[in-house]
file query.cif (mmCIF, C-alpha atoms and all ligand atoms)
data_start
#
loop_
_atom_site.label_atom_id
_atom_site.label_comp_id
_atom_site.auth_asym_id
_atom_site.auth_seq_id
_atom_site.Cartn_x
_atom_site.Cartn_y
_atom_site.Cartn_z
CA MET A 1 149.11 81.07 362.04
CA PRO A 2 145.34 81.36 362.27
CA VAL A 3 145.08 84.75 364.01
CA THR A 4 147.64 87.48 363.36
CA ALA A 5 147.26 91.05 364.57
CA VAL A 6 149.19 94.05 363.29
CA ILE A 7 149.42 97.07 365.57
CA GLY A 8 151.20 100.42 365.23
CA GLY A 9 153.92 100.94 367.85
CA GLN A 10 154.30 104.71 367.52
CA TRP A 11 152.00 107.67 366.72
CA GLY A 12 150.46 106.08 363.62
CA ASP A 13 151.75 106.10 360.04
CA GLU A 14 154.22 103.30 360.78
CA GLY A 15 153.56 101.58 357.45
CA LYS A 16 150.92 99.18 358.73
CA GLY A 17 149.24 99.00 355.31
CA LYS A 18 152.39 97.73 353.66
CA ILE A 19 153.05 95.05 356.27
CA VAL A 20 149.41 93.95 356.41
CA ASP A 21 149.45 93.65 352.63
CA THR A 22 152.45 91.31 352.70
CA LEU A 23 150.63 89.09 355.21
CA CYS A 24 147.26 89.08 353.44
CA ASP A 25 148.12 86.60 350.70
CA GLU A 26 147.45 83.80 353.15
CA MET A 27 144.41 85.37 354.81
CA ASP A 28 140.76 84.32 354.60
CA LEU A 29 139.45 87.13 356.78
CA ALA A 30 140.73 90.64 357.50
CA ALA A 31 139.25 92.86 360.20
CA ARG A 32 139.54 96.37 361.60
CA TYR A 33 138.60 96.81 365.26
CA GLN A 34 138.80 100.55 365.98
CA GLY A 35 139.02 104.00 364.49
CA GLY A 36 137.44 105.02 361.22
CA ALA A 37 138.30 107.23 358.28
CA ASN A 38 141.06 108.92 360.28
CA ALA A 39 143.33 106.07 359.17
CA GLY A 40 145.24 106.23 355.91
CA HIS A 41 146.89 102.91 355.04
CA THR A 42 148.96 103.08 351.89
CA VAL A 43 149.62 100.02 349.78
CA LYS A 44 151.57 100.21 346.53
CA VAL A 45 150.87 97.48 344.00
CA LYS A 46 152.92 97.81 340.80
CA ASP A 47 152.05 101.26 339.40
CA LYS A 48 148.96 101.74 341.55
CA THR A 49 148.86 103.30 345.00
CA PHE A 50 145.87 102.48 347.20
CA ILE A 51 145.07 104.50 350.31
CA LEU A 52 142.63 102.65 352.51
CA HIS A 53 140.76 104.54 355.20
CA GLN A 54 138.04 102.29 356.57
CA LEU A 55 138.32 99.00 354.73
CA PRO A 56 140.99 96.57 355.91
CA SER A 57 143.95 96.39 353.50
CA GLY A 58 142.95 92.76 352.87
CA ILE A 59 140.42 94.11 350.36
CA LEU A 60 143.23 94.20 347.78
CA HIS A 61 143.48 90.42 347.97
CA PRO A 62 140.71 88.64 346.05
CA GLY A 63 138.99 86.06 348.21
CA CYS A 64 139.76 87.82 351.49
CA ILE A 65 136.57 88.72 353.40
CA CYS A 66 136.80 92.13 355.11
CA LEU A 67 135.09 93.02 358.35
CA LEU A 68 134.54 96.37 360.07
CA GLY A 69 134.09 95.48 363.70
CA PRO A 70 131.81 96.79 366.48
CA GLY A 71 134.62 98.98 367.83
CA MET A 72 134.81 101.08 364.66
CA VAL A 73 133.10 104.35 363.83
CA VAL A 74 132.00 104.13 360.21
CA ASP A 75 131.43 107.15 357.99
CA PRO A 76 128.96 106.14 355.24
CA ILE A 77 129.90 109.01 352.91
CA ALA A 78 133.62 108.24 353.10
CA PHE A 79 132.88 104.52 352.88
CA VAL A 80 130.94 104.80 349.65
CA GLU A 81 133.71 106.97 348.21
CA GLU A 82 136.25 104.34 349.17
CA LEU A 83 134.22 101.56 347.52
CA ASP A 84 133.84 103.63 344.35
CA GLN A 85 137.53 104.47 344.31
CA LEU A 86 138.46 100.80 344.62
CA ARG A 87 136.09 99.85 341.84
CA LYS A 88 137.74 102.44 339.58
CA LEU A 89 141.09 100.88 340.36
CA GLY A 90 139.78 97.46 339.37
CA ILE A 91 139.12 95.93 342.80
CA ASP A 92 135.95 93.88 343.09
CA THR A 93 134.52 94.26 346.58
CA ALA A 94 131.17 92.56 345.93
CA GLY A 95 130.22 90.05 348.62
CA ARG A 96 133.47 90.61 350.51
CA VAL A 97 132.60 93.39 352.96
CA GLN A 98 130.66 93.24 356.21
CA ILE A 99 130.04 96.13 358.61
CA SER A 100 129.16 95.21 362.19
CA LEU A 101 125.53 95.74 363.21
CA THR A 102 126.76 97.60 366.27
CA ALA A 103 129.57 99.69 364.76
CA HIS A 104 128.83 103.35 365.41
CA ILE A 105 128.09 105.72 362.58
CA VAL A 106 129.85 109.01 361.92
CA THR A 107 127.30 111.60 360.83
CA PRO A 108 127.80 115.02 359.20
CA VAL A 109 127.11 116.47 362.64
CA HIS A 110 130.14 114.68 364.08
CA LYS A 111 132.32 115.95 361.30
CA ALA A 112 131.08 119.51 361.72
CA MET A 113 131.75 119.28 365.44
CA ASP A 114 135.23 117.98 364.77
CA ARG A 115 135.91 120.80 362.32
CA ALA A 116 134.76 123.27 364.94
CA THR A 117 136.55 121.80 367.95
CA GLY A 118 139.39 119.60 366.68
CA GLY A 119 141.88 122.45 366.36
CA VAL A 120 143.75 122.11 369.65
CA ILE A 121 144.56 118.47 369.10
CA ASP A 122 144.75 118.99 365.36
CA THR A 123 142.59 115.97 364.64
CA THR A 124 141.98 114.59 361.17
CA ARG A 125 138.52 116.29 361.28
CA ARG A 126 136.90 112.98 360.35
CA GLY A 127 134.38 113.19 363.22
CA ILE A 128 136.10 110.48 365.24
CA GLY A 129 136.11 112.13 368.69
CA PRO A 130 132.48 113.35 368.49
CA ALA A 131 131.25 109.93 367.26
CA TYR A 132 133.01 108.07 370.06
CA GLY A 133 131.79 110.78 372.45
CA ASP A 134 128.17 110.09 371.48
CA LYS A 135 128.84 106.39 371.88
CA ALA A 136 130.17 106.92 375.42
CA ARG A 137 127.18 109.14 376.21
CA ARG A 138 124.96 106.37 374.86
CA ILE A 139 123.25 108.53 372.27
CA GLY A 140 125.09 107.24 369.19
CA ILE A 141 123.66 105.90 365.96
CA ARG A 142 124.69 102.36 365.08
CA ALA A 143 124.98 100.62 361.74
CA PHE A 144 121.77 98.64 362.17
CA ASP A 145 119.93 101.96 362.68
CA LEU A 146 120.73 102.75 359.04
CA GLN A 147 118.26 100.09 357.98
CA ASP A 148 115.64 102.50 359.24
CA ILE A 149 116.33 104.79 356.28
CA ALA A 150 115.11 102.11 353.94
CA GLY A 151 111.89 102.24 355.97
CA THR A 152 110.56 105.58 357.16
CA GLY A 153 113.87 107.19 357.99
CA LYS A 154 112.11 108.95 360.83
CA PHE A 155 114.28 107.63 363.59
CA LEU A 156 117.48 108.81 361.99
CA VAL A 157 116.12 112.19 360.99
CA ASP A 158 114.96 112.73 364.56
CA ARG A 159 118.33 111.70 365.93
CA LEU A 160 120.14 114.09 363.63
CA LYS A 161 117.78 116.91 364.58
CA ILE A 162 118.45 116.34 368.26
CA ALA A 163 122.18 116.39 367.64
CA LEU A 164 121.88 119.63 365.71
CA GLN A 165 119.77 121.24 368.38
CA GLN A 166 122.29 120.46 371.02
CA GLY A 167 124.06 123.52 369.73
CA GLU A 168 127.52 122.05 370.03
CA VAL A 169 128.33 123.08 366.53
CA ILE A 170 129.11 126.67 365.80
CA ALA A 171 126.57 128.31 363.51
CA LYS A 172 128.95 128.73 360.61
CA GLU A 173 129.65 125.04 360.51
CA LEU A 174 125.94 124.20 360.74
CA ASP A 175 125.23 126.14 357.57
CA ASP A 176 127.55 123.91 355.66
CA ILE A 177 126.04 120.56 356.41
CA THR A 178 122.61 120.58 354.75
CA THR A 179 123.87 119.06 351.50
CA GLU A 180 126.11 116.76 353.46
CA VAL A 181 123.08 115.42 355.34
CA GLU A 182 121.48 114.57 351.98
CA ARG A 183 124.65 112.81 350.89
CA PHE A 184 124.68 111.00 354.22
CA PHE A 185 121.25 109.51 353.65
CA ALA A 186 122.11 108.48 350.09
CA ALA A 187 125.35 106.86 351.23
CA ALA A 188 123.69 105.18 354.20
CA LEU A 189 121.12 103.63 351.84
CA ARG A 190 123.91 102.19 349.74
CA ILE A 191 125.63 100.46 352.63
CA THR A 192 122.69 99.00 354.56
CA ASP A 193 123.05 95.70 352.68
CA LEU A 194 126.60 95.35 353.96
CA VAL A 195 125.57 95.51 357.61
CA GLY A 196 125.72 92.14 359.34
CA ASP A 197 126.88 90.06 362.28
CA THR A 198 130.67 90.33 362.12
CA ILE A 199 131.04 88.62 365.49
CA ALA A 200 129.42 85.45 364.12
CA THR A 201 131.47 85.65 360.90
CA LEU A 202 134.66 85.93 362.91
CA GLN A 203 133.75 83.23 365.41
CA GLU A 204 132.82 80.85 362.60
CA GLY A 205 136.14 81.61 360.92
CA LEU A 206 137.97 81.01 364.17
CA ALA A 207 136.22 77.69 364.75
CA ALA A 208 137.00 76.59 361.20
CA GLY A 209 140.70 77.41 361.67
CA LYS A 210 140.65 80.12 358.99
CA ASN A 211 143.54 82.56 358.69
CA ILE A 212 142.46 85.86 360.21
CA LEU A 213 144.32 89.14 360.03
CA ILE A 214 143.48 91.94 362.43
CA GLU A 215 144.57 95.38 361.31
CA GLY A 216 145.09 98.13 363.84
CA ALA A 217 144.78 101.77 362.84
CA GLN A 218 146.59 104.72 364.46
CA GLY A 219 149.22 103.57 366.97
CA THR A 220 149.98 102.71 370.57
CA LEU A 221 150.94 106.25 371.57
CA LEU A 222 147.59 107.53 370.25
CA ASP A 223 145.61 105.14 372.47
CA LEU A 224 142.95 106.92 374.52
CA ASP A 225 144.14 105.33 377.79
CA LEU A 226 147.75 104.36 377.12
CA GLY A 227 148.85 107.20 374.84
CA THR A 228 149.81 110.83 375.23
CA TYR A 229 146.38 112.06 376.38
CA PRO A 230 144.78 114.45 375.46
CA PHE A 231 146.77 114.35 372.22
CA VAL A 232 145.41 110.96 371.25
CA THR A 233 142.62 109.49 369.17
CA SER A 234 139.34 108.46 370.81
CA SER A 235 139.73 104.69 370.45
CA HIS A 236 142.03 101.89 371.57
CA PRO A 237 144.56 100.99 368.90
CA THR A 238 146.45 98.81 371.41
CA VAL A 239 145.85 95.08 371.80
CA GLY A 240 143.10 95.58 374.38
CA GLY A 241 140.95 97.23 371.70
CA ILE A 242 140.80 93.96 369.75
CA GLY A 243 138.80 92.15 372.43
CA THR A 244 135.99 94.67 372.60
CA GLY A 245 136.39 95.99 369.05
CA LEU A 246 135.79 92.62 367.43
CA GLY A 247 134.39 90.34 370.10
CA LEU A 248 137.50 88.21 369.89
CA PRO A 249 139.07 86.82 373.07
CA PRO A 250 142.63 88.19 373.51
CA GLY A 251 143.91 84.64 374.04
CA SER A 252 142.95 83.72 370.48
CA ILE A 253 145.67 85.91 368.97
CA ASP A 254 148.60 83.72 367.93
CA ARG A 255 150.93 86.28 366.41
CA LEU A 256 151.10 89.94 367.36
CA VAL A 257 153.22 92.08 365.08
CA GLY A 258 154.26 95.56 366.22
CA ILE A 259 155.06 97.98 363.42
CA PHE A 260 157.71 100.65 363.90
CA LYS A 261 159.16 103.14 361.49
CA ALA A 262 162.98 103.22 361.58
CA TYR A 263 162.65 106.80 362.87
CA THR A 264 159.66 108.59 364.43
CA THR A 265 156.90 110.74 362.99
CA ARG A 266 153.87 112.42 364.44
CA VAL A 267 151.10 114.30 362.67
CA GLY A 268 149.01 116.70 364.68
CA ALA A 269 149.73 118.32 368.02
CA GLY A 270 151.21 116.81 371.18
CA PRO A 271 154.50 116.02 372.88
CA PHE A 272 157.25 114.35 370.84
CA PRO A 273 160.56 114.09 372.74
CA THR A 274 162.82 113.16 369.80
CA GLU A 275 161.34 115.69 367.35
CA LEU A 276 163.91 117.43 365.15
CA THR A 277 163.01 120.93 364.12
CA ASP A 278 166.35 121.45 362.34
CA GLU A 279 167.52 120.50 358.85
CA VAL A 280 167.90 116.84 359.88
CA GLY A 281 164.16 116.75 360.63
CA GLN A 282 163.44 118.44 357.30
CA ARG A 283 165.63 115.88 355.55
CA LEU A 284 163.72 112.97 357.13
CA GLN A 285 160.46 114.61 356.11
CA LYS A 286 161.58 115.13 352.52
CA GLU A 287 163.32 111.79 351.96
CA GLY A 288 160.57 109.89 353.76
CA SER A 289 157.78 111.83 351.93
CA GLU A 290 156.27 112.42 355.34
CA PHE A 291 152.93 113.92 354.45
CA GLY A 292 149.66 112.56 355.85
CA ALA A 293 147.86 109.98 353.71
CA THR A 294 144.48 111.18 355.01
CA THR A 295 144.90 114.93 355.39
CA GLY A 296 148.09 115.76 353.46
CA ARG A 297 149.49 117.51 356.56
CA PRO A 298 153.30 117.48 356.88
CA ARG A 299 154.40 115.01 359.54
CA ARG A 300 156.78 116.08 362.29
CA CYS A 301 159.93 113.94 362.21
CA GLY A 302 162.58 112.81 364.68
CA TRP A 303 164.88 109.98 365.70
CA PHE A 304 163.75 106.55 366.87
CA ASP A 305 162.51 106.67 370.44
CA ALA A 306 163.45 103.35 372.06
CA VAL A 307 161.97 104.36 375.42
CA ALA A 308 158.55 104.71 373.82
CA ALA A 309 159.14 101.58 371.71
CA ARG A 310 159.90 99.44 374.75
CA TYR A 311 156.72 100.68 376.38
CA ALA A 312 154.69 99.83 373.26
CA CYS A 313 156.17 96.33 373.25
CA GLN A 314 155.34 95.86 376.92
CA VAL A 315 151.75 97.09 376.87
CA ASN A 316 150.84 95.17 373.72
CA GLY A 317 152.90 92.03 374.26
CA PHE A 318 154.19 92.05 370.66
CA THR A 319 155.61 88.67 369.68
CA GLU A 320 157.64 90.17 366.83
CA LEU A 321 158.33 93.49 365.16
CA ALA A 322 158.47 94.84 361.63
CA LEU A 323 160.70 97.84 360.95
CA THR A 324 159.65 100.05 358.04
CA LYS A 325 161.31 102.73 355.92
CA LEU A 326 164.84 101.67 356.82
CA ASP A 327 165.93 102.88 353.37
CA ILE A 328 165.11 106.48 354.33
CA LEU A 329 168.13 106.38 356.67
CA ASP A 330 170.45 105.14 353.87
CA ASN A 331 172.32 108.42 353.44
CA PHE A 332 172.71 109.56 357.01
CA GLU A 333 176.27 109.73 358.37
CA THR A 334 175.17 109.19 361.93
CA ILE A 335 171.89 107.96 363.30
CA MET A 336 170.71 108.72 366.81
CA VAL A 337 168.53 106.53 368.98
CA CYS A 338 166.87 107.79 372.12
CA THR A 339 167.69 105.34 374.91
CA GLY A 340 166.48 107.29 377.93
CA TYR A 341 164.63 110.36 379.20
CA GLU A 342 165.73 112.93 381.74
CA VAL A 343 163.74 115.46 383.72
CA ASN A 344 165.80 118.18 385.44
CA GLY A 345 168.95 116.11 384.92
CA GLU A 346 167.43 113.02 386.55
CA ARG A 347 166.87 109.83 384.63
CA VAL A 348 163.23 108.77 384.22
CA PRO A 349 162.72 105.02 384.74
CA GLY A 350 160.52 104.46 381.69
CA PHE A 351 157.88 105.85 379.35
CA SER A 352 154.94 105.18 381.67
CA ALA A 353 156.56 107.32 384.36
CA ALA A 354 156.52 110.31 382.03
CA VAL A 355 153.62 109.77 379.64
CA HIS A 356 151.47 112.33 381.48
CA ALA A 357 154.18 115.01 381.27
CA LEU A 358 156.15 114.09 378.20
CA GLU A 359 156.79 117.70 377.19
CA GLN A 360 159.13 117.99 380.17
CA VAL A 361 161.54 115.23 379.20
CA THR A 362 164.90 115.63 377.51
CA PRO A 363 165.94 112.66 375.38
CA VAL A 364 169.26 110.92 376.02
CA TYR A 365 170.81 109.74 372.77
CA GLU A 366 173.09 107.00 371.63
CA ARG A 367 174.98 107.65 368.40
CA LEU A 368 175.29 104.94 365.76
CA PRO A 369 177.22 105.08 362.50
CA GLY A 370 175.17 105.24 359.30
CA TRP A 371 175.75 102.80 356.39
CA ARG A 372 175.62 105.27 353.52
CA LYS A 373 174.65 102.65 350.97
CA SER A 374 171.36 102.10 349.23
CA THR A 375 169.33 99.26 350.74
CA SER A 376 166.16 99.59 348.64
CA GLY A 377 167.27 97.07 345.99
CA LEU A 378 168.40 94.35 348.38
CA LYS A 379 166.89 90.90 347.93
CA SER A 380 167.90 89.30 351.22
CA ALA A 381 168.74 90.40 354.76
CA ASP A 382 172.25 88.95 354.64
CA LYS A 383 173.11 91.65 352.07
CA LEU A 384 172.33 94.45 354.53
CA PRO A 385 175.34 96.65 355.30
CA LYS A 386 177.06 95.85 358.60
CA GLN A 387 176.01 99.16 360.18
CA ALA A 388 172.36 98.64 359.17
CA ARG A 389 172.40 95.23 360.83
CA ALA A 390 173.93 96.79 363.93
CA TYR A 391 171.19 99.44 363.95
CA ILE A 392 168.47 96.78 363.70
CA SER A 393 170.11 94.67 366.43
CA ARG A 394 170.36 97.64 368.75
CA LEU A 395 166.69 98.53 368.27
CA GLU A 396 165.71 94.91 368.96
CA GLU A 397 167.77 94.92 372.10
CA LEU A 398 166.28 98.19 373.36
CA ALA A 399 162.71 97.24 372.46
CA GLY A 400 163.09 93.74 373.90
CA VAL A 401 161.36 92.00 370.96
CA PRO A 402 162.91 90.51 367.79
CA ILE A 403 162.55 92.32 364.47
CA LYS A 404 161.43 89.77 361.88
CA GLN A 405 160.81 91.98 358.86
CA VAL A 406 162.44 95.08 357.49
CA SER A 407 160.79 97.18 354.80
CA ILE A 408 163.11 98.97 352.37
CA GLY A 409 160.63 100.68 350.05
CA ALA A 410 156.95 101.11 349.26
CA GLU A 411 156.67 98.25 346.75
CA ARG A 412 155.32 94.85 347.78
CA HIS A 413 158.62 93.06 347.08
CA GLN A 414 160.76 95.56 349.03
CA ILE A 415 160.75 93.60 352.24
CA LEU A 416 163.42 91.52 353.94
CA SER A 417 162.83 88.64 356.36
CA LEU A 418 165.24 88.35 359.24
P1 LIG A 501 146.96 105.63 360.60
O1 LIG A 501 146.04 104.46 360.81
C1 LIG A 501 148.67 109.23 362.31
C2 LIG A 501 146.14 111.64 364.97
C3 LIG A 501 145.68 113.00 364.49
C4 LIG A 501 145.57 113.74 365.81
C5 LIG A 501 145.04 112.66 366.75
C6 LIG A 501 143.55 112.68 366.94
O2 LIG A 501 147.07 106.07 359.19
O3 LIG A 501 148.29 105.37 361.22
P2 LIG A 501 141.50 111.97 365.39
O4 LIG A 501 141.08 112.46 364.03
O5 LIG A 501 141.78 110.49 365.43
O6 LIG A 501 140.58 112.41 366.48
O7 LIG A 501 142.90 112.73 365.69
O8 LIG A 501 145.43 111.41 366.17
N1 LIG A 501 145.81 110.53 364.04
C7 LIG A 501 146.72 109.88 363.30
N2 LIG A 501 148.04 110.09 363.13
N3 LIG A 501 148.10 108.20 361.68
C8 LIG A 501 146.79 107.94 361.86
O9 LIG A 501 146.20 106.84 361.37
C9 LIG A 501 146.02 108.83 362.66
N4 LIG A 501 144.73 108.91 363.01
C10 LIG A 501 144.62 109.92 363.87
O10 LIG A 501 146.64 113.60 363.65
O11 LIG A 501 146.84 114.11 366.26
MG MG A 502 148.07 107.68 358.42
#
call {"tool": "encode", "arguments": {"input": "query.cif", "output": "structure tokens"}}
result
Amino acid sequence: MPVTAVIGGQWGDEGKGKIVDTLCDEMDLAARYQGGANAGHTVKVKDKTFILHQLPSGILHPGCICLLGPGMVVDPIAFVEELDQLRKLGIDTAGRVQISLTAHIVTPVHKAMDRATGGVIDTTRRGIGPAYGDKARRIGIRAFDLQDIAGTGKFLVDRLKIALQQGEVIAKELDDITTEVERFFAAALRITDLVGDTIATLQEGLAAGKNILIEGAQGTLLDLDLGTYPFVTSSHPTVGGIGTGLGLPPGSIDRLVGIFKAYTTRVGAGPFPTELTDEVGQRLQKEGSEFGATTGRPRRCGWFDAVAARYACQVNGFTELALTKLDILDNFETIMVCTGYEVNGERVPGFSAAVHALEQVTPVYERLPGWRKSTSGLKSADKLPKQARAYISRLEELAGVPIKQVSIGAERHQILSL
């Protein structure tokens, strides 16, 4: 199908990179529409593991053109590092990357502000909130402004000075950024050639019937408007973000794939009804290697939350789902699925009725038998143990959308089509 979008259904880290990678073989264009270096999309190819932060995962597929859309906040320092890292791993990015003229730029000031103020939400400290804040206040720096550095550089220097003078950064943090500002200018110079009109590139691709893959970062429950505010990111990972984040009409999306982990994780602060703080949670964390790909922070773990999943399916309009990390549940005797929420003993009608006060809900669980067999070596879905099939069917039923792919390991080939 010409336009496919992949969106996280939970609190991020659903395994979007892996699913995007399996779809990219057929893609001509790959695009990110929101977020920035807060994302960490892991793709394992043979003995190499790639963690992509700002570039779409399509960069691993030769011939796939990669776009960073107007809705992103791009960090030049991290971007140059990512390009260099890919080159070291043998990926040729030359002529395949375009950054939108109007994407906003994350400066060292934003990162310092995030380090100073991101504690409560436990952000990734990548400057995301402050950069989107400046954008909303209409004082941001955009990618085309970087071209100014190649000229006098005066505009940018002045902008940075103003930001510094605003005194939003605690003094200690300010001391640290002088060298970073120098690195910023050097990195910005290196990426100015990549800045271009991504809207035109995308529209031309669309008109020519090219295969386009849109890659969401973060996840539905981290959406600024639809997620668990204030414990969210500052962008719109949900489907609505695609329209403004790329300049692509929502009606042009043919296939919308929602990605869900077979259990739930969350990194950073905020409510999480099915969180397990006992040894079961520790087991999920250990067996699932649940440590952040961007920050290395341990991820909080819990059972699958079908109330939240149904909501994510509704607000995004997913046409199909992919379930990842099913193999992590291989050795569990029983597996729980949250099918409802209660507040003071009363059933809550749905996620949207409680999203503003999620810390008050008690999850209602359904118990399913585990399969206690390894699934990671399976070659086709018909070989899945009976109980694993029952688990998948139950999740489909609760979410209200069919599951079309199940991932059973990090490798490219460890995926089953249903
Ligand atoms: P991918 O794309 C998981 C979380 C942070 C924090 C909150 C706000 O790899 O799934 P921010 O730095 O965005 O201001 O942090 O959002 N967060 C993520 N959690 N996966 C991500 O990205 C995330 N990006 C941000 O932990 O709770
Ligand atoms: Mg991540």
call {"tool": "residues_around", "arguments": {"input": "query.cif", "residues": "region 51-67 of chain A", "least_positions_apart": "3", "cutoff": "8 Å", "atoms": "only C-alpha atoms", "output": "PyMOL selection string"}}
result
chain A and resi 17+20-21+24-25+27-32+36-43+74+79+82+91-93+96-100+198+215+293-294
call {"tool": "write_last_selection", "arguments": {"input": "query.cif", "atoms": "C-alpha atoms", "output": "PDB file, in the coordinates of the input"}}
result
ATOM      1  CA  GLY A  17     149.240  99.000 355.310  1.00  0.00           C
ATOM      2  CA  VAL A  20     149.410  93.950 356.410  1.00  0.00           C
ATOM      3  CA  ASP A  21     149.450  93.650 352.630  1.00  0.00           C
ATOM      4  CA  CYS A  24     147.260  89.080 353.440  1.00  0.00           C
ATOM      5  CA  ASP A  25     148.120  86.600 350.700  1.00  0.00           C
ATOM      6  CA  MET A  27     144.410  85.370 354.810  1.00  0.00           C
ATOM      7  CA  ASP A  28     140.760  84.320 354.600  1.00  0.00           C
ATOM      8  CA  LEU A  29     139.450  87.130 356.780  1.00  0.00           C
ATOM      9  CA  ALA A  30     140.730  90.640 357.500  1.00  0.00           C
ATOM     10  CA  ALA A  31     139.250  92.860 360.200  1.00  0.00           C
ATOM     11  CA  ARG A  32     139.540  96.370 361.600  1.00  0.00           C
ATOM     12  CA  GLY A  36     137.440 105.020 361.220  1.00  0.00           C
ATOM     13  CA  ALA A  37     138.300 107.230 358.280  1.00  0.00           C
ATOM     14  CA  ASN A  38     141.060 108.920 360.280  1.00  0.00           C
ATOM     15  CA  ALA A  39     143.330 106.070 359.170  1.00  0.00           C
ATOM     16  CA  GLY A  40     145.240 106.230 355.910  1.00  0.00           C
ATOM     17  CA  HIS A  41     146.890 102.910 355.040  1.00  0.00           C
ATOM     18  CA  THR A  42     148.960 103.080 351.890  1.00  0.00           C
ATOM     19  CA  VAL A  43     149.620 100.020 349.780  1.00  0.00           C
ATOM     20  CA  VAL A  74     132.000 104.130 360.210  1.00  0.00           C
ATOM     21  CA  PHE A  79     132.880 104.520 352.880  1.00  0.00           C
ATOM     22  CA  GLU A  82     136.250 104.340 349.170  1.00  0.00           C
ATOM     23  CA  ILE A  91     139.120  95.930 342.800  1.00  0.00           C
ATOM     24  CA  ASP A  92     135.950  93.880 343.090  1.00  0.00           C
ATOM     25  CA  THR A  93     134.520  94.260 346.580  1.00  0.00           C
ATOM     26  CA  ARG A  96     133.470  90.610 350.510  1.00  0.00           C
ATOM     27  CA  VAL A  97     132.600  93.390 352.960  1.00  0.00           C
ATOM     28  CA  GLN A  98     130.660  93.240 356.210  1.00  0.00           C
ATOM     29  CA  ILE A  99     130.040  96.130 358.610  1.00  0.00           C
ATOM     30  CA  SER A 100     129.160  95.210 362.190  1.00  0.00           C
ATOM     31  CA  THR A 198     130.670  90.330 362.120  1.00  0.00           C
ATOM     32  CA  GLU A 215     144.570  95.380 361.310  1.00  0.00           C
ATOM     33  CA  ALA A 293     147.860 109.980 353.710  1.00  0.00           C
ATOM     34  CA  THR A 294     144.480 111.180 355.010  1.00  0.00           C
TER      35      THR A 294
END
call {"tool": "closest_atom_pairs", "arguments": {"input": "query.cif", "of": "region 256-342 of chain A", "to": "region 413-418 of chain A", "cutoff": "12 Å", "atoms": "all atoms listed in the file", "output": "JSON lines"}}
result
{"residue": "A:Glu320", "atom": "CA", "partner": "A:Leu418", "partner_atom": "CA", "distance": 10.9}
{"residue": "A:Leu321", "atom": "CA", "partner": "A:Leu418", "partner_atom": "CA", "distance": 10.5}
{"residue": "A:Ala322", "atom": "CA", "partner": "A:Ser417", "partner_atom": "CA", "distance": 9.2}
{"residue": "A:Leu323", "atom": "CA", "partner": "A:Ile415", "partner_atom": "CA", "distance": 9.7}
{"residue": "A:Thr324", "atom": "CA", "partner": "A:Ile415", "partner_atom": "CA", "distance": 8.7}
{"residue": "A:Lys325", "atom": "CA", "partner": "A:Ile415", "partner_atom": "CA", "distance": 9.9}
{"residue": "A:Leu326", "atom": "CA", "partner": "A:Ile415", "partner_atom": "CA", "distance": 10.1}
{"residue": "A:Asp327", "atom": "CA", "partner": "A:Gln414", "partner_atom": "CA", "distance": 10.0}
call {"tool": "write_last_selection", "arguments": {"input": "query.cif", "atoms": "C-alpha atoms", "output": "CSV table (one decimal), in the coordinates of the input"}}
result
chain,number,residue,atom,x,y,z
A,320,GLU,CA,157.6,90.2,366.8
A,321,LEU,CA,158.3,93.5,365.2
A,322,ALA,CA,158.5,94.8,361.6
A,323,LEU,CA,160.7,97.8,361.0
A,324,THR,CA,159.6,100.0,358.0
A,325,LYS,CA,161.3,102.7,355.9
A,326,LEU,CA,164.8,101.7,356.8
A,327,ASP,CA,165.9,102.9,353.4
call {"tool": "residues_near_ligand", "arguments": {"input": "query.cif", "ligand": "ligand LIG 501 (chain A)", "cutoff": "8 Å", "atoms": "all atoms listed in the file", "output": "ChimeraX atom specification"}}
result
/A:8,11-16,35,38-41,53,114,118,121-129,216-219,222,231-235,266-270,292-294
call {"tool": "residues_around", "arguments": {"input": "query.cif", "residues": "Asp305 (chain A)", "least_positions_apart": "6", "cutoff": "10 Å", "atoms": "only C-alpha atoms", "output": "MDAnalysis selection string"}}
result
chainID A and resid 10 262:264 272:275 336:341 363:365 395 398:399
call {"tool": "closest_residue", "arguments": {"input": "query.cif", "among": "A:Gly350, A:Lys18, A:Leu213, A:His104", "to": "ligand MG 502 (chain A)", "atoms": "all atoms listed in the file"}}
result
A:Lys18
call {"tool": "decode", "arguments": {"input": "query.cif", "residues": "region 44-49 of chain A", "atoms": "N, CA and C atoms", "output": "short mmCIF file (atom, residue, chain, number, x, y, z; two decimals), in the first residue's frame"}}
result
data_model
loop_
_atom_site.label_atom_id
_atom_site.label_comp_id
_atom_site.auth_asym_id
_atom_site.auth_seq_id
_atom_site.Cartn_x
_atom_site.Cartn_y
_atom_site.Cartn_z
N LYS A 44 17.75 -4.78 14.96
CA LYS A 44 18.86 -5.71 14.98
C LYS A 44 18.98 -6.34 13.60
N VAL A 45 20.14 -6.19 12.99
CA VAL A 45 20.38 -6.79 11.67
C VAL A 45 21.61 -7.67 11.80
N LYS A 46 21.41 -8.97 11.70
CA LYS A 46 22.46 -9.97 11.92
C LYS A 46 23.16 -9.69 13.25
N ASP A 47 24.47 -9.42 13.23
CA ASP A 47 25.17 -9.22 14.51
C ASP A 47 25.25 -7.74 14.90
N LYS A 48 24.58 -6.89 14.13
CA LYS A 48 24.67 -5.46 14.45
C LYS A 48 23.36 -4.94 15.02
N THR A 49 23.46 -4.12 16.08
CA THR A 49 22.27 -3.49 16.63
C THR A 49 22.34 -1.99 16.36
#
